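**Q** I'd like to ask some things about the structure below.
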Amino acid sequence: MIRLYNTLTKTVDEFVPNVPGKVAMYTCGPTVYHYAHIGNLRSYICEDVLEKTLRYAGYDVKRVMNITDVGHLSDDADNGEDKMVKGAQREHKTVMEIAKFYTDAFFEDCRKLNIKRPDVVEPATSCIDEFINMISVLLEKGYAYRSGENVYFDTSKLDEYFVFGNQNEDEQMVGVRDDVTEDTNKRNKNDFVLWFTKSKFEDQALKWDSPWGVGYPGWHIECSCISMKHLGEYMDIHCGGVDNIFPHHTNEIAQSESYLGHKWCNWWFHVHHLNDREGKMSKSKGNILTVSVLEEKGYDPLAYRFFCLQSHYRKPLEFSYDALDNAVAAYDRLKNRVLAIAEEAVNAGKAVKTEDAHGGGHTYKASDGAADAAVFEQYKTKFIEALSADINTSMAITVLMETLKADTDAATKLALVSSFEEVLGLGLLTVKEEAGSGVDPEFEKYILEQIELRKAAKKEKNFAEADRIRAELLEKGIALEDTREGVKWHKA
């Protein structure tokens, strides 16, 4: 039995999916106009643990994620520039070039953090027909109206619009509308745009024909349509950060249930902010810290994952390098202890060391039947119980620590760590080889030359060129890692 907090009901209840044994899960994906910062990625780490916990418990999970490559304005009250256009102007590229670059960068960060790629990833620009269809139905049903050549959702037609109740101050901040330019086309203050036309944004880079004029969709419509396209009319869990609660998720529920005529999603899973000493990390404020920056400072991305899992997803987490250093020290002690146990099991002939298929290291695995079945079930049950208490990752790590101290043999401990890693994803059983092995000497020479060129580009603060070199090497199958000892490379 898994118990989860539901933002909609504000209670922790037993999770029961619509279809027994199956979970329809949706995650709000990134707006790909810049790198994801580690605050964004905290949400994706916690959502990854949720998905893996459900799979670990035996559920068949289908997880869908959108990629926002159009329609997300720089102000949540339907004002300002499209963030994608703003990003393209900043880097003197097309919107689609920006979208591809930062989508690839996002999933590379996810790979480094052991975040599983969702089963379905759909960019907003591929679903224009679905958006137009939903908007047309909302107009026919009287839940939407045309004004100033835009199409708006009419919140006055709902019995209850603020379905999440009284948001706290942090959750309200992105939804404050009193201090923005008034949209005189709206009938009601809380109405939101479903479709923008050329009447308002003549210079919009991406535009499509529609029954209401040439234009583009609003941000909120995409998640409703993409989820229904792949998960159907009933969804079990919708995930996102707490800053999505209002207005984004509030608006999703309004338009989706008006379109469908019934309840849409049963469970809402929200991850709280990562803060620094200046408050919430935000791309718009410019105070962002990326995975690449952490690597350049010598931090293993999985140590940051460990840092996140030490805290509960519903609590704000304050980032500082001192706090991260403490997490790194604990992570290193944990991993060294696990690897020592793994070697002990190998020496006893009860485990194997498997070479990585790409030549990048090796992984330990207990031999089949080597674990003590009774002890294995005892600690696995404790691990599941910890996660079942509203994804209590801190308690799950405590169970892992207890397992390593248990009065049992190394093979059983190794088998349990391997099992727990299906959810925790901390890379505890994997050892990366020192960079630079197993390639042609001429190719190695080329790699080293590119590393030097990248080093020079970074020294000149030409970070775009440094990123280009990293991306080009990755396309050739070589991943770079910035460590305290310098740049290391290995086969990707």
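Residues in the structure tokens are numbered from 1 in each chain, the chains being A, B, ... in the order shown, and ligands are numbered from 1 in the order shown.
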Give the helix (DSSP H, G or I) residues of stretch 204-324 of chain A, as DSSP finds them on the backbone, and put them as a PyMOL selection string.

**A** chain A and resi 219-231+242-260+291-296+301-309+321-324

**Q** For N, CA and C atoms, I'd like the residues from the last selection saved as a short mmCIF file (atom, residue, chain, number, x, y, z; two decimals), in the first residue's frame.

**A**
data_model
loop_
_atom_site.label_atom_id
_atom_site.label_comp_id
_atom_site.auth_asym_id
_atom_site.auth_seq_id
_atom_site.Cartn_x
_atom_site.Cartn_y
_atom_site.Cartn_z
N TRP A 219 -0.02 28.64 -23.07
CA TRP A 219 0.82 27.64 -22.41
C TRP A 219 0.00 26.52 -21.79
N HIS A 220 -1.10 26.86 -21.11
CA HIS A 220 -1.81 25.89 -20.29
C HIS A 220 -2.46 24.77 -21.11
N ILE A 221 -2.87 25.08 -22.33
CA ILE A 221 -3.63 24.12 -23.14
C ILE A 221 -2.79 22.89 -23.49
N GLU A 222 -1.46 23.08 -23.57
CA GLU A 222 -0.64 21.98 -24.09
C GLU A 222 -0.62 20.75 -23.19
N CYS A 223 -0.53 20.97 -21.86
CA CYS A 223 -0.45 19.81 -20.97
C CYS A 223 -1.76 19.02 -20.96
N SER A 224 -2.89 19.72 -21.04
CA SER A 224 -4.18 19.04 -21.09
C SER A 224 -4.25 18.14 -22.31
N CYS A 225 -3.89 18.68 -23.46
CA CYS A 225 -4.04 17.92 -24.72
C CYS A 225 -3.02 16.80 -24.84
N ILE A 226 -1.77 17.07 -24.48
CA ILE A 226 -0.73 16.05 -24.61
C ILE A 226 -1.01 14.88 -23.67
N SER A 227 -1.48 15.17 -22.46
CA SER A 227 -1.79 14.07 -21.54
C SER A 227 -2.95 13.23 -22.06
N MET A 228 -4.00 13.88 -22.55
CA MET A 228 -5.16 13.13 -23.07
C MET A 228 -4.80 12.33 -24.32
N LYS A 229 -3.92 12.87 -25.13
CA LYS A 229 -3.50 12.18 -26.36
C LYS A 229 -2.87 10.83 -26.04
N HIS A 230 -2.10 10.78 -24.95
CA HIS A 230 -1.33 9.57 -24.67
C HIS A 230 -1.85 8.76 -23.47
N LEU A 231 -2.64 9.40 -22.61
CA LEU A 231 -3.11 8.70 -21.40
C LEU A 231 -4.62 8.55 -21.33
N VAL A 242 5.81 23.19 -7.05
CA VAL A 242 4.73 23.93 -6.40
C VAL A 242 4.42 25.24 -7.12
N ASP A 243 5.38 25.78 -7.87
CA ASP A 243 5.10 27.01 -8.60
C ASP A 243 4.15 26.78 -9.78
N ASN A 244 3.88 25.51 -10.11
CA ASN A 244 2.90 25.22 -11.16
C ASN A 244 1.46 25.18 -10.64
N ILE A 245 1.29 25.13 -9.31
CA ILE A 245 -0.06 24.96 -8.76
C ILE A 245 -1.00 26.04 -9.26
N PHE A 246 -0.56 27.29 -9.15
CA PHE A 246 -1.34 28.41 -9.66
C PHE A 246 -0.43 29.33 -10.44
N PRO A 247 -0.79 29.68 -11.68
CA PRO A 247 -2.08 29.37 -12.32
C PRO A 247 -2.08 28.12 -13.20
N HIS A 248 -0.90 27.52 -13.48
CA HIS A 248 -0.83 26.52 -14.54
C HIS A 248 -1.72 25.31 -14.29
N HIS A 249 -1.55 24.65 -13.16
CA HIS A 249 -2.35 23.45 -12.91
C HIS A 249 -3.81 23.78 -12.62
N THR A 250 -4.04 24.92 -12.01
CA THR A 250 -5.42 25.37 -11.80
C THR A 250 -6.13 25.52 -13.14
N ASN A 251 -5.43 26.12 -14.10
CA ASN A 251 -6.02 26.32 -15.43
C ASN A 251 -6.15 25.01 -16.21
N GLU A 252 -5.20 24.11 -16.02
CA GLU A 252 -5.31 22.80 -16.66
C GLU A 252 -6.59 22.08 -16.23
N ILE A 253 -6.86 22.09 -14.93
CA ILE A 253 -8.07 21.43 -14.43
C ILE A 253 -9.31 22.11 -14.98
N ALA A 254 -9.32 23.43 -14.99
CA ALA A 254 -10.48 24.18 -15.47
C ALA A 254 -10.84 23.79 -16.90
N GLN A 255 -9.85 23.84 -17.80
CA GLN A 255 -10.15 23.57 -19.20
C GLN A 255 -10.36 22.09 -19.47
N SER A 256 -9.62 21.22 -18.79
CA SER A 256 -9.73 19.78 -19.05
C SER A 256 -11.09 19.23 -18.61
N GLU A 257 -11.52 19.59 -17.41
CA GLU A 257 -12.79 19.05 -16.91
C GLU A 257 -13.99 19.70 -17.60
N SER A 258 -13.83 20.93 -18.05
CA SER A 258 -14.89 21.56 -18.84
C SER A 258 -15.02 20.88 -20.20
N TYR A 259 -13.89 20.51 -20.78
CA TYR A 259 -13.87 19.82 -22.07
C TYR A 259 -14.42 18.40 -21.94
N LEU A 260 -14.00 17.68 -20.89
CA LEU A 260 -14.38 16.27 -20.74
C LEU A 260 -15.77 16.09 -20.14
N VAL A 291 23.82 21.75 -13.65
CA VAL A 291 24.61 20.54 -13.42
C VAL A 291 26.02 20.72 -13.95
N SER A 292 26.14 21.34 -15.11
CA SER A 292 27.47 21.55 -15.69
C SER A 292 28.35 22.40 -14.80
N VAL A 293 27.77 23.42 -14.17
CA VAL A 293 28.55 24.26 -13.25
C VAL A 293 29.01 23.44 -12.05
N LEU A 294 28.13 22.59 -11.52
CA LEU A 294 28.53 21.71 -10.42
C LEU A 294 29.70 20.81 -10.84
N GLU A 295 29.61 20.26 -12.06
CA GLU A 295 30.69 19.40 -12.55
C GLU A 295 31.99 20.17 -12.67
N GLU A 296 31.89 21.40 -13.17
CA GLU A 296 33.09 22.22 -13.34
C GLU A 296 33.76 22.50 -11.99
N PRO A 301 27.32 14.70 -10.23
CA PRO A 301 25.88 14.96 -10.23
C PRO A 301 25.10 14.03 -9.31
N LEU A 302 25.56 12.79 -9.14
CA LEU A 302 24.83 11.86 -8.28
C LEU A 302 24.95 12.23 -6.80
N ALA A 303 25.98 12.98 -6.46
CA ALA A 303 26.06 13.50 -5.09
C ALA A 303 24.97 14.54 -4.87
N TYR A 304 24.65 15.30 -5.92
CA TYR A 304 23.53 16.25 -5.81
C TYR A 304 22.20 15.49 -5.70
N ARG A 305 22.05 14.41 -6.44
CA ARG A 305 20.84 13.59 -6.30
C ARG A 305 20.72 13.11 -4.85
N PHE A 306 21.82 12.65 -4.27
CA PHE A 306 21.83 12.20 -2.89
C PHE A 306 21.44 13.34 -1.95
N PHE A 307 21.96 14.53 -2.21
CA PHE A 307 21.62 15.73 -1.43
C PHE A 307 20.10 15.96 -1.44
N CYS A 308 19.48 15.81 -2.60
CA CYS A 308 18.03 16.00 -2.71
C CYS A 308 17.26 14.91 -1.96
N LEU A 309 17.72 13.67 -2.06
CA LEU A 309 16.98 12.56 -1.45
C LEU A 309 17.10 12.54 0.07
N TYR A 321 26.93 25.57 -0.85
CA TYR A 321 28.04 24.66 -1.13
C TYR A 321 28.49 23.93 0.13
N ASP A 322 28.33 24.55 1.29
CA ASP A 322 28.66 23.85 2.54
C ASP A 322 27.75 22.64 2.73
N ALA A 323 26.43 22.86 2.48
CA ALA A 323 25.48 21.75 2.61
C ALA A 323 25.76 20.66 1.59
N LEU A 324 26.12 21.06 0.36
CA LEU A 324 26.44 20.07 -0.67
C LEU A 324 27.72 19.32 -0.31
#

**Q** Could you list, as a short mmCIF file (atom, residue, chain, number, x, y, z; two decimals) with N, CA and C atoms, in the first residue's frame, every residue within 8 Å of A:Phe420, counting only C-alpha atoms and ignoring same-chain residues fewer than 4 positions away?

**A**
data_model
loop_
_atom_site.label_atom_id
_atom_site.label_comp_id
_atom_site.auth_asym_id
_atom_site.auth_seq_id
_atom_site.Cartn_x
_atom_site.Cartn_y
_atom_site.Cartn_z
N LYS A 380 13.98 -5.56 2.38
CA LYS A 380 13.23 -5.00 1.25
C LYS A 380 11.87 -4.50 1.73
N PHE A 383 12.32 -1.18 3.34
CA PHE A 383 12.59 -0.17 2.31
C PHE A 383 11.29 0.28 1.64
N LEU A 400 18.77 1.77 3.99
CA LEU A 400 19.97 1.34 3.27
C LEU A 400 21.16 1.28 4.21
N LEU A 416 20.67 -6.54 -1.84
CA LEU A 416 19.73 -5.53 -1.34
C LEU A 416 20.06 -4.16 -1.89
N LEU A 424 16.53 4.38 -5.85
CA LEU A 424 17.38 5.49 -5.42
C LEU A 424 18.25 6.04 -6.55
#

**Q** DSSP on the backbone, strand (DSSP E or B) only: what residues of stretch 188-288 of chain A does that give? Format it as a list in words.

**A** Phe192, Val193, Leu194, Trp195, Phe196, Thr197, Trp208, Gly215, Tyr216, Pro217, Met235, Asp236, Ile237, His238, Cys239, Gly240, Gly241, Cys265, Asn266, Trp267, Trp268, Phe269, His270, Val271, Leu274, Asn275, Asp276, Gly279 and Lys280 of chain A

**Q** Just to be explicit: take each residue in the selection above, keep C-alpha atoms, and write the result as a compact mmCIF listing (two decimals), in the first residue's frame.

**A**
# COMPACT_ATOMS: atom_id res chain seq x y z
CA PHE A 192 -6.67 32.99 -19.44
CA VAL A 193 -5.71 32.80 -23.10
CA LEU A 194 -6.27 29.59 -25.03
CA TRP A 195 -5.14 30.97 -28.39
CA PHE A 196 -3.22 34.14 -29.28
CA THR A 197 -3.59 35.69 -32.74
CA TRP A 208 -0.29 28.46 -37.31
CA GLY A 215 -1.51 32.61 -34.12
CA TYR A 216 -0.29 30.18 -31.49
CA PRO A 217 -1.57 28.37 -28.39
CA MET A 235 -5.24 10.30 -15.31
CA ASP A 236 -3.90 8.96 -12.03
CA ILE A 237 -1.03 11.31 -11.12
CA HIS A 238 0.00 14.74 -12.40
CA CYS A 239 3.41 16.01 -11.26
CA GLY A 240 5.12 19.37 -11.13
CA GLY A 241 6.79 21.95 -8.91
CA CYS A 265 -6.90 13.66 -12.59
CA ASN A 266 -7.12 12.09 -9.14
CA TRP A 267 -3.69 12.83 -7.66
CA TRP A 268 -1.53 15.96 -7.78
CA PHE A 269 2.11 15.52 -6.73
CA HIS A 270 4.03 18.76 -6.19
CA VAL A 271 7.70 19.18 -5.26
CA LEU A 274 15.08 24.56 -3.94
CA ASN A 275 16.17 27.85 -2.40
CA ASP A 276 19.50 29.55 -2.02
CA GLY A 279 15.30 32.71 -2.25
CA LYS A 280 13.90 30.43 -4.95

**Q** Which residues are near A:Asp82? Cut-off 6 Å, only C-alpha atoms, ignore same chain within fewer than 3 positions. Put them as a PDB file with C-alpha atoms, in the first residue's frame.

**A**
ATOM      1  CA  GLY A  71       3.414  29.604 -25.840  1.00  0.00           C
ATOM      2  CA  HIS A  72       5.022  30.046 -22.410  1.00  0.00           C
ATOM      3  CA  LEU A  73       5.065  33.800 -21.857  1.00  0.00           C
ATOM      4  CA  VAL A  85      11.383  33.729 -28.742  1.00  0.00           C
TER       5      VAL A  85
END

**Q** Skip A:Leu453 itself and residues of its chain fewer than 4 positions away, then list as a PyMOL selection string all residues within 12 Å of it, counting only C-alpha atoms.

**A** chain A and resi 446-449+457-460+462-463+465-470

**Q** The selected residues should be written to file as a compact mmCIF listing (two decimals), in the first residue's frame (atoms: N, CA and C atoms).

**A**
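In the end it all went to out06.txt:
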# COMPACT_ATOMS: atom_id res chain seq x y z
N TYR A 446 42.77 13.89 -31.07
CA TYR A 446 41.74 14.86 -31.45
C TYR A 446 40.94 15.29 -30.22
N ILE A 447 40.58 14.33 -29.38
CA ILE A 447 39.79 14.63 -28.18
C ILE A 447 40.56 15.60 -27.29
N LEU A 448 41.83 15.32 -27.07
CA LEU A 448 42.63 16.18 -26.20
C LEU A 448 42.78 17.58 -26.77
N GLU A 449 42.88 17.68 -28.11
CA GLU A 449 42.95 19.00 -28.76
C GLU A 449 41.66 19.78 -28.53
N ALA A 457 38.34 28.51 -24.72
CA ALA A 457 37.07 29.22 -24.91
C ALA A 457 36.48 29.64 -23.56
N LYS A 458 36.54 28.75 -22.58
CA LYS A 458 36.00 29.09 -21.26
C LYS A 458 36.82 30.20 -20.60
N LYS A 459 38.13 30.18 -20.83
CA LYS A 459 38.98 31.22 -20.27
C LYS A 459 38.62 32.58 -20.84
N GLU A 460 38.21 32.60 -22.12
CA GLU A 460 37.79 33.83 -22.78
C GLU A 460 36.31 34.14 -22.54
N ASN A 462 33.85 32.49 -23.54
CA ASN A 462 33.04 32.14 -24.71
C ASN A 462 32.36 30.80 -24.41
N PHE A 463 31.36 30.86 -23.54
CA PHE A 463 30.73 29.63 -23.06
C PHE A 463 29.91 28.94 -24.14
N GLU A 465 30.82 28.62 -27.26
CA GLU A 465 31.78 27.78 -27.99
C GLU A 465 32.18 26.57 -27.15
N ALA A 466 32.34 26.77 -25.86
CA ALA A 466 32.68 25.65 -24.97
C ALA A 466 31.57 24.60 -24.98
N ASP A 467 30.32 25.07 -24.95
CA ASP A 467 29.18 24.15 -25.01
C ASP A 467 29.12 23.43 -26.34
N ARG A 468 29.47 24.15 -27.42
CA ARG A 468 29.44 23.54 -28.75
C ARG A 468 30.45 22.40 -28.84
N ILE A 469 31.65 22.62 -28.30
CA ILE A 469 32.69 21.59 -28.33
C ILE A 469 32.25 20.37 -27.52
N ARG A 470 31.68 20.62 -26.33
CA ARG A 470 31.19 19.51 -25.52
C ARG A 470 30.12 18.71 -26.27

**Q** Might you pull out every residue within 10 Å of A:Thr430, with only C-alpha atoms counted and same-chain residues fewer than 5 positions away left off, and present them as a PDB file with C-alpha atoms, in the first residue's frame?

**A**
ATOM      1  CA  LYS A 335      29.641   4.454  -1.815  1.00  0.00           C
ATOM      2  CA  LEU A 339      32.066  -1.016  -2.964  1.00  0.00           C
ATOM      3  CA  LYS A 353      32.062  -7.642 -11.674  1.00  0.00           C
ATOM      4  CA  THR A 354      30.591  -6.770 -15.086  1.00  0.00           C
ATOM      5  CA  GLU A 355      32.471  -4.540 -17.489  1.00  0.00           C
ATOM      6  CA  ASP A 356      30.531  -1.616 -18.912  1.00  0.00           C
ATOM      7  CA  GLY A 360      33.565   3.215 -19.139  1.00  0.00           C
ATOM      8  CA  GLY A 361      33.928   1.162 -15.964  1.00  0.00           C
ATOM      9  CA  HIS A 362      32.309  -1.785 -14.233  1.00  0.00           C
ATOM     10  CA  THR A 363      29.306  -2.736 -12.117  1.00  0.00           C
ATOM     11  CA  TYR A 364      28.895  -5.233  -9.295  1.00  0.00           C
ATOM     12  CA  LYS A 365      26.087  -7.772  -9.040  1.00  0.00           C
TER      13      LYS A 365
END

**Q** Figure out the distance between atom CA of A:Ala396 and atom CA of A:Ala373, please, to one decimal in Å.

**A**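 Going from atom CA of A:Ala373 over to atom CA of A:Ala396, I get 19.9 Å.
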
**Q** In terms of the shortest atom-to-atom distance over only C-alpha atoms, which of A:Tyr152, A:Met84, A:Thr68, A:Arg90 is closest to A:Pro123?

**A**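 For A:Pro123, the nearest of the given residues is A:Thr68.
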
**Q** Considering only C-alpha atoms, return as an MDAnalysis selection string whatever protein or nucleic-acid residues lie within 10 Å of A:Leu50, sequence-local ones (same chain, fewer than 6 positions apart) excluded.

**A** chainID A and resid 4 44 56 239 269 387:388 390:391 393 423

**Q** So how many Å separate atom CA of A:Glu343 and atom CA of A:Ala366, to one decimal?

**A**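 If I compute the distance from atom CA of A:Glu343 to atom CA of A:Ala366, I get 10.4 Å.
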
**Q** What is the distance between atom CA of A:Ala464 and atom CA of A:Met96, in Å to one decimal?

**A** 17.0 Å

**Q** Write out as JSON, numbers by chain which residues come within 7 Å of A:Ser367 when counting only C-alpha atoms, dropping same-chain ones fewer than 3 positions away.

**A** {"A": [350, 351, 352, 370]}

**Q** With C-alpha atoms retained, write the just-selected residues as a compact mmCIF listing (two decimals), in the first residue's frame.

**A**
# COMPACT_ATOMS: atom_id res chain seq x y z
CA LYS A 350 29.18 -14.83 -4.60
CA ALA A 351 29.20 -11.79 -6.91
CA VAL A 352 30.44 -10.78 -10.33
CA ALA A 370 23.63 -16.03 -3.27

**Q** Which one is closest to A:Glu233: A:Thr403, A:Asn185, A:Ser394, A:Asn18? Count only C-alpha atoms.

**A**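 Looking only at the distances to A:Glu233, the closest residue turns out to be A:Asn18.
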